[in-house]
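Structure file final.txt (compact mmCIF, C-alpha atoms) follows.
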# COMPACT_ATOMS: atom_id res chain seq x y z
CA MET A 1 -70.97 10.37 -80.31
CA THR A 2 -68.94 7.80 -78.40
CA ASN A 3 -68.87 8.17 -74.64
CA ALA A 4 -65.20 7.74 -73.84
CA PRO A 5 -64.20 6.56 -70.36
CA THR A 6 -62.98 9.26 -68.01
CA PRO A 7 -59.27 9.85 -67.41
CA GLU A 8 -59.78 8.70 -63.81
CA HIS A 9 -61.33 5.44 -64.91
CA LEU A 10 -58.62 4.75 -67.46
CA THR A 11 -55.94 5.52 -64.88
CA GLU A 12 -57.47 2.89 -62.59
CA VAL A 13 -57.87 0.33 -65.41
CA LEU A 14 -54.29 0.71 -66.67
CA ARG A 15 -52.84 0.54 -63.17
CA ARG A 16 -54.79 -2.61 -62.45
CA ALA A 17 -53.49 -4.10 -65.70
CA GLY A 18 -49.89 -3.23 -64.78
CA GLU A 19 -49.63 -0.79 -67.70
CA LEU A 20 -49.31 2.43 -65.68
CA ARG A 21 -46.90 2.51 -62.76
CA HIS A 22 -46.42 6.26 -62.45
CA GLY A 23 -48.34 9.34 -63.50
CA ARG A 24 -51.99 9.35 -64.50
CA VAL A 25 -54.20 9.71 -67.56
CA ALA A 26 -54.93 13.40 -67.92
CA GLU A 27 -57.04 13.50 -71.08
CA VAL A 28 -58.93 11.12 -73.36
CA SER A 29 -60.05 11.94 -76.89
CA VAL A 30 -61.77 9.93 -79.64
CA GLU A 31 -59.51 9.83 -82.71
CA THR A 32 -61.69 7.65 -84.94
CA SER A 33 -64.92 5.69 -84.63
CA ARG A 34 -66.55 3.10 -86.86
CA THR A 35 -69.53 0.76 -86.64
CA THR A 36 -69.89 -2.94 -87.39
CA ILE A 37 -73.09 -4.96 -87.53
CA VAL A 38 -73.26 -5.15 -83.73
CA SER A 39 -70.66 -2.75 -82.29
CA THR A 40 -69.05 0.67 -82.31
CA ILE A 41 -65.25 0.60 -82.19
CA SER A 42 -63.47 3.79 -81.16
CA ARG A 43 -59.77 4.52 -81.11
CA LEU A 44 -59.00 6.55 -78.02
CA ARG A 45 -55.92 8.74 -77.64
CA LEU A 46 -54.55 9.15 -74.13
CA SER A 47 -52.35 11.91 -72.78
CA TYR A 48 -50.65 11.65 -69.41
CA GLU A 49 -49.61 13.80 -66.52
CA GLY A 50 -46.29 12.75 -64.99
CA ASP A 51 -44.08 9.96 -66.31
CA PRO A 52 -46.24 7.27 -67.96
CA GLY A 53 -43.29 5.07 -68.90
CA GLY A 54 -44.38 2.63 -71.61
CA SER A 55 -48.11 3.10 -71.04
CA PRO A 56 -50.24 2.89 -74.19
CA VAL A 57 -50.87 6.11 -76.07
CA ARG A 58 -53.98 4.61 -77.67
CA VAL A 59 -56.55 1.97 -76.71
CA LEU A 60 -59.63 0.66 -78.47
CA GLN A 61 -63.07 0.87 -76.93
CA LYS A 62 -65.71 -1.55 -78.21
CA THR A 63 -69.33 -0.85 -77.25
CA PRO A 64 -72.64 -2.41 -78.41
CA ARG A 65 -74.76 -0.49 -80.88
CA LYS A 66 -78.02 0.70 -79.37
CA ASP A 67 -79.91 0.00 -82.60
CA VAL A 68 -78.74 -3.59 -82.91
CA ALA A 69 -81.31 -6.27 -83.72
CA ALA A 70 -82.62 -8.32 -80.80
CA GLU A 71 -80.85 -11.37 -82.21
CA PHE A 72 -77.51 -9.75 -81.39
CA SER A 73 -78.36 -7.72 -78.30
CA GLU A 74 -76.46 -9.97 -75.91
CA SER A 75 -73.54 -10.88 -78.16
CA GLY A 76 -71.28 -8.50 -76.28
CA CYS A 77 -71.96 -10.44 -73.10
CA LYS A 78 -70.39 -13.51 -74.68
CA GLU A 79 -67.35 -11.56 -75.79
CA ALA A 80 -66.92 -10.05 -72.33
CA ALA A 81 -67.09 -13.59 -70.92
CA PHE A 82 -64.44 -14.68 -73.41
CA TYR A 83 -62.03 -12.00 -72.25
CA ALA A 84 -62.83 -12.79 -68.62
CA THR A 85 -62.47 -16.58 -68.74
CA VAL A 86 -60.70 -17.70 -71.94
CA ALA A 87 -58.23 -14.99 -72.94
CA PRO A 88 -56.35 -14.74 -69.60
CA ALA A 89 -55.27 -18.38 -69.91
CA LEU A 90 -53.88 -18.03 -73.43
CA PRO A 91 -50.23 -17.59 -74.38
CA ALA A 92 -49.20 -14.10 -75.45
CA ARG A 93 -49.96 -12.75 -78.92
CA VAL A 94 -52.93 -14.98 -79.75
CA VAL A 95 -55.62 -12.37 -79.13
CA PRO A 96 -55.34 -8.65 -78.35
CA ARG A 97 -54.83 -7.86 -74.70
CA CYS A 98 -58.02 -6.81 -72.94
CA PHE A 99 -57.59 -4.20 -70.21
CA GLU A 100 -61.23 -4.27 -69.13
CA ALA A 101 -64.38 -6.23 -70.06
CA VAL A 102 -67.60 -4.86 -68.56
CA TRP A 103 -71.12 -6.11 -69.28
CA GLU A 104 -73.56 -4.92 -66.65
CA PRO A 105 -77.20 -6.11 -66.77
CA ASP A 106 -80.21 -3.90 -67.45
CA GLY A 107 -78.40 -1.49 -69.74
CA GLY A 108 -75.54 -0.64 -67.39
CA ARG A 109 -71.95 -0.12 -68.51
CA ARG A 110 -71.02 -2.32 -71.44
CA HIS A 111 -67.64 -2.07 -73.11
CA LEU A 112 -64.30 -3.66 -73.85
CA LEU A 113 -61.04 -1.74 -73.56
CA LEU A 114 -58.54 -3.45 -75.83
CA GLU A 115 -54.94 -3.18 -76.90
CA ASP A 116 -54.62 -1.04 -80.03
CA LEU A 117 -52.65 -2.95 -82.67
CA THR A 118 -53.17 -0.50 -85.53
CA ASP A 119 -49.47 0.23 -85.91
CA SER A 120 -48.46 -3.44 -86.11
CA HIS A 121 -51.49 -5.10 -87.76
CA VAL A 122 -53.99 -4.54 -90.57
CA ALA A 123 -57.08 -6.16 -92.04
CA VAL A 124 -55.83 -9.05 -94.14
CA SER A 125 -57.60 -7.82 -97.30
CA ASP A 126 -60.41 -5.61 -98.50
CA TRP A 127 -63.72 -7.45 -98.05
CA PRO A 128 -64.72 -9.58 -99.94
CA VAL A 129 -61.35 -10.22 -101.61
CA ALA A 130 -59.82 -13.46 -100.31
CA PRO A 131 -56.29 -13.41 -98.83
CA THR A 132 -53.30 -14.91 -100.62
CA LEU A 133 -52.36 -18.52 -100.01
CA GLU A 134 -49.40 -17.47 -97.86
CA GLN A 135 -51.69 -15.33 -95.69
CA CYS A 136 -54.18 -18.18 -95.40
CA GLU A 137 -51.43 -20.52 -94.25
CA ARG A 138 -50.59 -18.16 -91.40
CA ILE A 139 -54.27 -17.80 -90.57
CA VAL A 140 -54.95 -21.55 -90.27
CA GLU A 141 -51.76 -21.90 -88.22
CA ALA A 142 -53.08 -19.21 -85.85
CA TYR A 143 -56.33 -21.13 -85.45
CA ALA A 144 -54.43 -24.38 -84.91
CA ARG A 145 -52.40 -22.73 -82.16
CA PHE A 146 -55.57 -21.49 -80.47
CA HIS A 147 -57.55 -24.72 -80.93
CA ALA A 148 -54.66 -26.88 -79.71
CA PHE A 149 -54.41 -24.91 -76.47
CA TRP A 150 -58.01 -25.80 -75.54
CA TRP A 151 -58.14 -29.25 -77.16
CA ASP A 152 -60.00 -31.62 -74.80
CA GLU A 153 -59.07 -29.29 -71.95
CA PRO A 154 -60.63 -30.52 -68.65
CA ARG A 155 -62.03 -27.04 -67.96
CA LEU A 156 -64.26 -27.17 -71.04
CA GLY A 157 -67.89 -27.39 -70.03
CA VAL A 158 -66.94 -26.96 -66.37
CA SER A 159 -65.41 -23.53 -65.76
CA VAL A 160 -64.93 -22.50 -69.41
CA GLY A 161 -67.85 -22.67 -71.80
CA THR A 162 -70.76 -25.11 -71.65
CA PHE A 163 -71.83 -28.32 -73.35
CA LEU A 164 -75.32 -28.39 -74.81
CA ASP A 165 -77.46 -31.12 -73.26
CA ASP A 166 -80.31 -32.99 -74.95
CA ALA A 167 -82.82 -30.29 -74.04
CA GLY A 168 -80.49 -27.66 -75.49
CA PHE A 169 -80.13 -29.65 -78.72
CA GLU A 170 -83.89 -29.98 -78.99
CA ARG A 171 -84.42 -26.24 -78.51
CA PHE A 172 -81.72 -25.47 -81.09
CA MET A 173 -83.21 -27.76 -83.73
CA ASP A 174 -86.80 -26.63 -83.03
CA ASP A 175 -85.65 -23.05 -83.48
CA PHE A 176 -83.84 -23.90 -86.70
CA ALA A 177 -86.89 -25.75 -88.07
CA ARG A 178 -89.00 -22.62 -87.50
CA ARG A 179 -86.34 -20.43 -89.06
CA PHE A 180 -86.07 -22.67 -92.10
CA ALA A 181 -89.84 -22.63 -92.65
CA SER A 182 -89.76 -18.83 -92.56
CA PHE A 183 -86.71 -18.72 -94.83
CA ALA A 184 -88.17 -21.10 -97.40
CA GLY A 185 -91.35 -19.07 -97.54
CA ARG A 186 -89.36 -15.88 -97.97
CA VAL A 187 -87.09 -17.02 -100.82
CA GLY A 188 -89.72 -19.07 -102.64
CA ASP A 189 -88.49 -20.72 -105.85
CA ARG A 190 -85.07 -19.12 -105.42
CA LEU A 191 -84.45 -22.21 -103.31
CA SER A 192 -84.65 -25.20 -105.65
CA ALA A 193 -86.69 -28.28 -104.77
CA GLU A 194 -83.43 -30.26 -104.57
CA ARG A 195 -81.92 -27.87 -102.03
CA LYS A 196 -85.12 -27.68 -100.02
CA GLU A 197 -85.10 -31.47 -99.84
CA LEU A 198 -81.50 -31.32 -98.56
CA TYR A 199 -82.61 -29.15 -95.66
CA GLU A 200 -85.52 -31.47 -94.92
CA ARG A 201 -83.19 -34.49 -94.87
CA PHE A 202 -80.79 -32.57 -92.67
CA LEU A 203 -83.54 -31.83 -90.14
CA ARG A 204 -84.46 -35.51 -89.99
CA ALA A 205 -80.82 -36.60 -89.64
CA ALA A 206 -79.75 -33.94 -87.13
CA PRO A 207 -80.21 -36.07 -83.97
CA ARG A 208 -77.85 -38.68 -85.45
CA LEU A 209 -75.39 -36.08 -86.74
CA LEU A 210 -75.14 -34.62 -83.25
CA ALA A 211 -73.53 -37.84 -82.01
CA ARG A 212 -70.12 -36.45 -83.00
CA TYR A 213 -70.57 -33.50 -80.64
CA ARG A 214 -72.16 -35.59 -77.89
CA SER A 215 -69.00 -37.72 -77.69
CA HIS A 216 -67.24 -34.72 -76.07
CA GLU A 217 -64.03 -35.99 -77.66
CA ASP A 218 -61.62 -33.94 -79.78
CA LEU A 219 -63.48 -30.74 -78.99
CA THR A 220 -62.09 -27.29 -78.35
CA ILE A 221 -63.15 -23.66 -78.21
CA VAL A 222 -64.14 -22.37 -81.63
CA HIS A 223 -64.45 -18.77 -82.74
CA GLY A 224 -67.88 -19.24 -84.29
CA ASP A 225 -67.53 -16.42 -86.84
CA ALA A 226 -64.14 -17.25 -88.30
CA HIS A 227 -64.12 -15.32 -91.55
CA VAL A 228 -60.74 -13.81 -92.36
CA TRP A 229 -61.79 -10.25 -91.48
CA ASN A 230 -62.28 -11.26 -87.86
CA LEU A 231 -58.53 -11.21 -87.32
CA LEU A 232 -55.64 -8.78 -87.48
CA TYR A 233 -52.83 -9.65 -89.87
CA PRO A 234 -49.27 -8.58 -89.00
CA ARG A 235 -47.66 -5.88 -91.11
CA ASP A 236 -44.38 -7.74 -90.53
CA PRO A 237 -45.08 -11.49 -90.28
CA ALA A 238 -41.44 -12.12 -89.35
CA SER A 239 -41.84 -10.27 -86.06
CA GLU A 240 -45.55 -10.53 -85.21
CA ARG A 241 -48.39 -13.07 -85.30
CA VAL A 242 -51.97 -13.13 -86.50
CA ARG A 243 -54.30 -11.99 -83.70
CA LEU A 244 -57.86 -13.34 -83.54
CA ILE A 245 -60.60 -10.81 -82.71
CA ASP A 246 -64.39 -10.43 -82.37
CA TRP A 247 -65.34 -13.27 -80.05
CA GLU A 248 -69.10 -12.75 -79.79
CA GLY A 249 -69.82 -16.23 -81.16
CA TRP A 250 -67.35 -18.49 -79.31
CA ARG A 251 -68.45 -21.89 -78.04
CA VAL A 252 -67.19 -25.41 -77.36
CA ASP A 253 -67.40 -27.48 -80.56
CA THR A 254 -65.39 -29.24 -83.27
CA ALA A 255 -62.44 -27.18 -84.52
CA THR A 256 -63.37 -27.74 -88.16
CA ASP A 257 -66.44 -25.52 -87.72
CA ASP A 258 -64.06 -22.56 -87.94
CA LEU A 259 -62.27 -23.95 -91.00
CA ALA A 260 -65.51 -24.71 -92.83
CA TYR A 261 -66.85 -21.24 -92.09
CA MET A 262 -63.64 -19.68 -93.39
CA MET A 263 -63.43 -21.70 -96.60
CA ALA A 264 -66.64 -23.58 -97.46
CA VAL A 265 -68.94 -20.64 -96.63
CA HIS A 266 -66.78 -17.79 -97.94
CA TRP A 267 -64.90 -19.17 -100.94
CA TYR A 268 -66.14 -19.85 -104.44
CA PRO A 269 -65.47 -23.37 -105.78
CA GLU A 270 -62.44 -22.65 -107.97
CA ARG A 271 -60.40 -21.18 -105.11
CA ARG A 272 -61.61 -23.70 -102.57
CA ARG A 273 -60.74 -26.64 -104.82
CA ARG A 274 -57.21 -25.27 -105.33
CA PHE A 275 -56.36 -24.59 -101.70
CA GLU A 276 -58.77 -26.42 -99.39
CA THR A 277 -56.90 -29.73 -98.95
CA ALA A 278 -53.49 -28.07 -98.72
CA LEU A 279 -54.72 -25.72 -96.01
CA LEU A 280 -56.36 -28.56 -94.09
CA ARG A 281 -53.02 -30.41 -94.16
CA ARG A 282 -51.20 -27.25 -93.06
CA TYR A 283 -53.68 -26.83 -90.22
CA HIS A 284 -53.33 -30.47 -89.16
CA ALA A 285 -49.53 -30.25 -89.13
CA ALA A 286 -49.71 -27.14 -86.93
CA LEU A 287 -52.25 -28.82 -84.64
CA THR A 288 -49.87 -31.75 -84.18
CA GLU A 289 -46.92 -29.41 -83.67
CA HIS A 290 -48.81 -27.76 -80.83
CA GLY A 291 -49.41 -31.02 -79.02
CA VAL A 292 -52.65 -32.59 -80.27
CA ARG A 293 -52.28 -36.38 -80.45
CA GLY A 294 -54.54 -39.20 -81.63
CA TYR A 295 -56.38 -37.07 -84.18
CA GLY A 296 -55.33 -38.09 -87.67
CA PHE A 297 -55.79 -36.19 -90.89
CA GLU A 298 -58.64 -38.46 -92.00
CA ALA A 299 -60.50 -37.69 -88.76
CA LEU A 300 -59.97 -33.99 -89.49
CA ARG A 301 -61.22 -34.46 -93.04
CA ASP A 302 -64.33 -36.29 -91.81
CA ASP A 303 -65.04 -33.56 -89.27
CA TYR A 304 -64.56 -30.90 -91.96
CA ARG A 305 -67.19 -32.53 -94.18
CA LEU A 306 -69.61 -32.73 -91.26
CA SER A 307 -68.90 -29.10 -90.34
CA ALA A 308 -69.55 -28.04 -93.93
CA LEU A 309 -72.91 -29.82 -93.82
CA TRP A 310 -73.85 -28.03 -90.59
CA GLN A 311 -72.91 -24.73 -92.22
CA ILE A 312 -76.02 -24.90 -94.41
CA THR A 313 -77.74 -23.53 -91.31
CA THR A 314 -75.66 -20.34 -91.48
CA PRO A 315 -77.40 -18.42 -94.31
CA VAL A 316 -80.79 -19.43 -92.91
CA TRP A 317 -79.90 -18.07 -89.50
CA GLN A 318 -78.43 -14.90 -91.00
CA ALA A 319 -81.46 -14.23 -93.18
CA THR A 320 -83.95 -14.79 -90.36
CA ALA A 321 -81.84 -12.56 -88.09
CA ASN A 322 -82.49 -9.80 -90.65
CA LEU A 323 -78.92 -9.50 -91.87
CA GLY A 324 -78.73 -8.08 -95.36
CA ALA A 325 -79.01 -10.33 -98.39
CA TRP A 326 -75.56 -9.06 -99.39
CA ILE A 327 -74.31 -11.31 -96.57
CA TRP A 328 -76.43 -14.44 -96.68
CA TRP A 329 -77.30 -14.85 -100.37
CA SER A 330 -73.75 -15.57 -101.54
CA HIS A 331 -73.13 -17.68 -98.43
CA LEU A 332 -76.10 -19.84 -99.41
CA GLU A 333 -74.79 -20.45 -102.90
CA ARG A 334 -71.20 -21.13 -101.84
CA ILE A 335 -72.04 -23.54 -99.03
CA MET A 336 -74.40 -25.49 -101.27
CA LEU A 337 -71.64 -25.87 -103.88
CA ALA A 338 -69.23 -26.98 -101.16
CA VAL A 339 -71.74 -29.58 -99.94
CA ASP A 340 -71.84 -30.95 -103.49
CA ASP A 341 -68.05 -30.98 -103.88
CA LEU A 342 -67.49 -32.68 -100.51
CA ASP A 343 -70.28 -35.22 -101.01
CA CYS A 344 -71.89 -34.13 -97.76
CA ARG A 345 -75.26 -35.60 -98.77
CA ALA A 346 -73.73 -39.04 -98.13
CA LEU A 347 -73.62 -38.11 -94.43
CA LEU A 348 -77.42 -37.98 -94.41
CA ASP A 349 -77.93 -41.59 -95.48
Would you mind writing the file out in structure tokens?
Amino acid sequence: MTNAPTPEHLTEVLRRAGELRHGRVAEVSVETSRTTIVSTISRLRLSYEGDPGGSPVRVLQKTPRKDVAAEFSESGCKEAAFYATVAPALPARVVPRCFEAVWEPDGGRRHLLLEDLTDSHVAVSDWPVAPTLEQCERIVEAYARFHAFWWDEPRLGVSVGTFLDDAGFERFMDDFARRFASFAGRVGDRLSAERKELYERFLRAAPRLLARYRSHEDLTIVHGDAHVWNLLYPRDPASERVRLIDWEGWRVDTATDDLAYMMAVHWYPERRRRFETALLRRYHAALTEHGVRGYGFEALRDDYRLSALWQITTPVWQATANLGAWIWWSHLERIMLAVDDLDCRALLD
């Protein structure tokens, strides 16, 4: 059973957010509750005493699951940091409004209180059905708008996010090497000798491949888990925008990491071949429209290929984090086919 915040607490939160000028929250009830891999999301209904004006009738509460795997136990901390440091700087209608982000250490209070957009937005499609091309165009434009806002922003790595240093890179790659050894042993001959060799070449080439990131040029904040179900799609696209949600994996990196995760990891070859280039061009046009200069389409295309290559780490990480095979097995097959289509092996030479 979800522990809803008290009426007194919600009164204080909404007043602090400028959402409640008069009256007070008198009662809070849980209308619905659902679980994700790492969280419980509850829709709370509020009733007021006195004149609440335009105060919200419903808010969403997001809390970490107590039975979550250790790999994900601190993911909510990152999302709380996102809403504390990144979201307040953004233009309106890019992400849901966050009324409160609390992540206390040692098992203290941990929750997000978010704007409820149920009446204006929906999931873009039923997982795992891909969205239409028109929906995908709006989605990549939403990411371009977000990425452009933080593109080479001076605060990156200073007051917003961090840059990995050489020691951080070494720890990351050592961890991945251990994970891959465990993964390869687990899947056995389900991983072909050719694909195993690709991973081995990737591990050897990784220090050189990291030069793109180390340049600290043309970087931005990326979502880190940018599948199309981590967003809310407007019921009426003429009056509302796509909102990006679930920020547990955000980091400073190349923008194409999000695009490669959306398309190269999640789409089968026939669909990706039809729409991939067109959507990359649509994204690049939106990026330029929102002020990014000196980053041509060929640079984007090169970054996308490199991001797709790095995405071969994704199913390995997911499998060794004990996510179900229903997640990582298809990801493994799709990203390997994308690596072939995009000639990503040439990046290892």
* Which one is closest to Ala338 of chain A: A:Thr162, A:Ser307, A:Ser192, A:Thr256? Count all atoms listed in the file. ->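 The closest residue to Ala338 of chain A is A:Ser307.
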I'd like a table as JSON lines: residues in segment 229-318 of chain A with an atom no more than 8 Å from segment 141-158 of chain A, each row giving the shortest atom pair and its distance in Å to one decimal, only C-alpha atoms counted, sorted by chain and rising residue number.
{"residue": "A:Arg241", "atom": "CA", "partner": "A:Ala142", "partner_atom": "CA", "distance": 7.7}
{"residue": "A:Val242", "atom": "CA", "partner": "A:Ala142", "partner_atom": "CA", "distance": 6.2}
{"residue": "A:Arg243", "atom": "CA", "partner": "A:Ala142", "partner_atom": "CA", "distance": 7.6}
{"residue": "A:Leu244", "atom": "CA", "partner": "A:Ala142", "partner_atom": "CA", "distance": 7.9}
{"residue": "A:Val252", "atom": "CA", "partner": "A:Leu156", "partner_atom": "CA", "distance": 7.2}
{"residue": "A:Ala255", "atom": "CA", "partner": "A:His147", "partner_atom": "CA", "distance": 6.5}
{"residue": "A:Arg282", "atom": "CA", "partner": "A:Glu141", "partner_atom": "CA", "distance": 7.2}
{"residue": "A:Tyr283", "atom": "CA", "partner": "A:Glu141", "partner_atom": "CA", "distance": 5.7}
{"residue": "A:His284", "atom": "CA", "partner": "A:Ala144", "partner_atom": "CA", "distance": 7.5}
{"residue": "A:Ala286", "atom": "CA", "partner": "A:Glu141", "partner_atom": "CA", "distance": 5.8}
{"residue": "A:Leu287", "atom": "CA", "partner": "A:Ala144", "partner_atom": "CA", "distance": 5.0}
{"residue": "A:His290", "atom": "CA", "partner": "A:Ala148", "partner_atom": "CA", "distance": 6.0}
{"residue": "A:Gly291", "atom": "CA", "partner": "A:Ala148", "partner_atom": "CA", "distance": 6.7}
{"residue": "A:Val292", "atom": "CA", "partner": "A:Ala148", "partner_atom": "CA", "distance": 6.1}
Take the residues that were just selected and, keeping C-alpha atoms, output them as a short mmCIF file (atom, residue, chain, number, x, y, z; two decimals), in the frame of the given file.
data_model
loop_
_atom_site.label_atom_id
_atom_site.label_comp_id
_atom_site.auth_asym_id
_atom_site.auth_seq_id
_atom_site.Cartn_x
_atom_site.Cartn_y
_atom_site.Cartn_z
CA ARG A 241 -48.39 -13.07 -85.30
CA VAL A 242 -51.97 -13.13 -86.50
CA ARG A 243 -54.30 -11.99 -83.70
CA LEU A 244 -57.86 -13.34 -83.54
CA VAL A 252 -67.19 -25.41 -77.36
CA ALA A 255 -62.44 -27.18 -84.52
CA ARG A 282 -51.20 -27.25 -93.06
CA TYR A 283 -53.68 -26.83 -90.22
CA HIS A 284 -53.33 -30.47 -89.16
CA ALA A 286 -49.71 -27.14 -86.93
CA LEU A 287 -52.25 -28.82 -84.64
CA HIS A 290 -48.81 -27.76 -80.83
CA GLY A 291 -49.41 -31.02 -79.02
CA VAL A 292 -52.65 -32.59 -80.27
#
Kindly assemble as a tab-separated table a list of the segment 210-271 of chain A residues that lie within 12 Å of segment 94-98 of chain A, each paired with its nearest atom pair and their distance in Å to one decimal, using only C-alpha atoms, sorted first by chain and then by ascending residue number.
residue	atom	partner	partner_atom	distance
A:His223	CA	A:Val95	CA	11.5
A:Asn230	CA	A:Val95	CA	11.0
A:Leu231	CA	A:Val95	CA	8.8
A:Leu232	CA	A:Val95	CA	9.1
A:Tyr233	CA	A:Val95	CA	11.4
A:Pro234	CA	A:Val94	CA	11.8
A:Glu240	CA	A:Val94	CA	10.2
A:Arg241	CA	A:Val94	CA	7.4
A:Val242	CA	A:Val94	CA	7.1
A:Arg243	CA	A:Val95	CA	4.8
A:Leu244	CA	A:Val95	CA	5.0
A:Ile245	CA	A:Val95	CA	6.3
A:Asp246	CA	A:Val95	CA	9.5
A:Trp247	CA	A:Val95	CA	9.8
* To do: Mind checking which residues fall within 12 Å of Arg195 of chain A, counting only C-alpha atoms, ignoring those fewer than 5 positions away in the same chain, and posting them as JSON, numbers by chain?
  => {"A": [180, 184, 188, 189, 190, 200, 201, 202, 312, 332, 333, 335, 336, 337, 339, 340, 345]}
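As for atom CA of Lys66 of chain A and atom CA of Ile327 of chain A, they are spaced 21.3 Å apart.
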* Structure fact -> The residue from A:Leu164, A:Ala181, A:Leu90, A:Leu46 with the smallest atom-to-atom distance to Asp116 of chain A, counting all atoms listed in the file, is A:Leu46
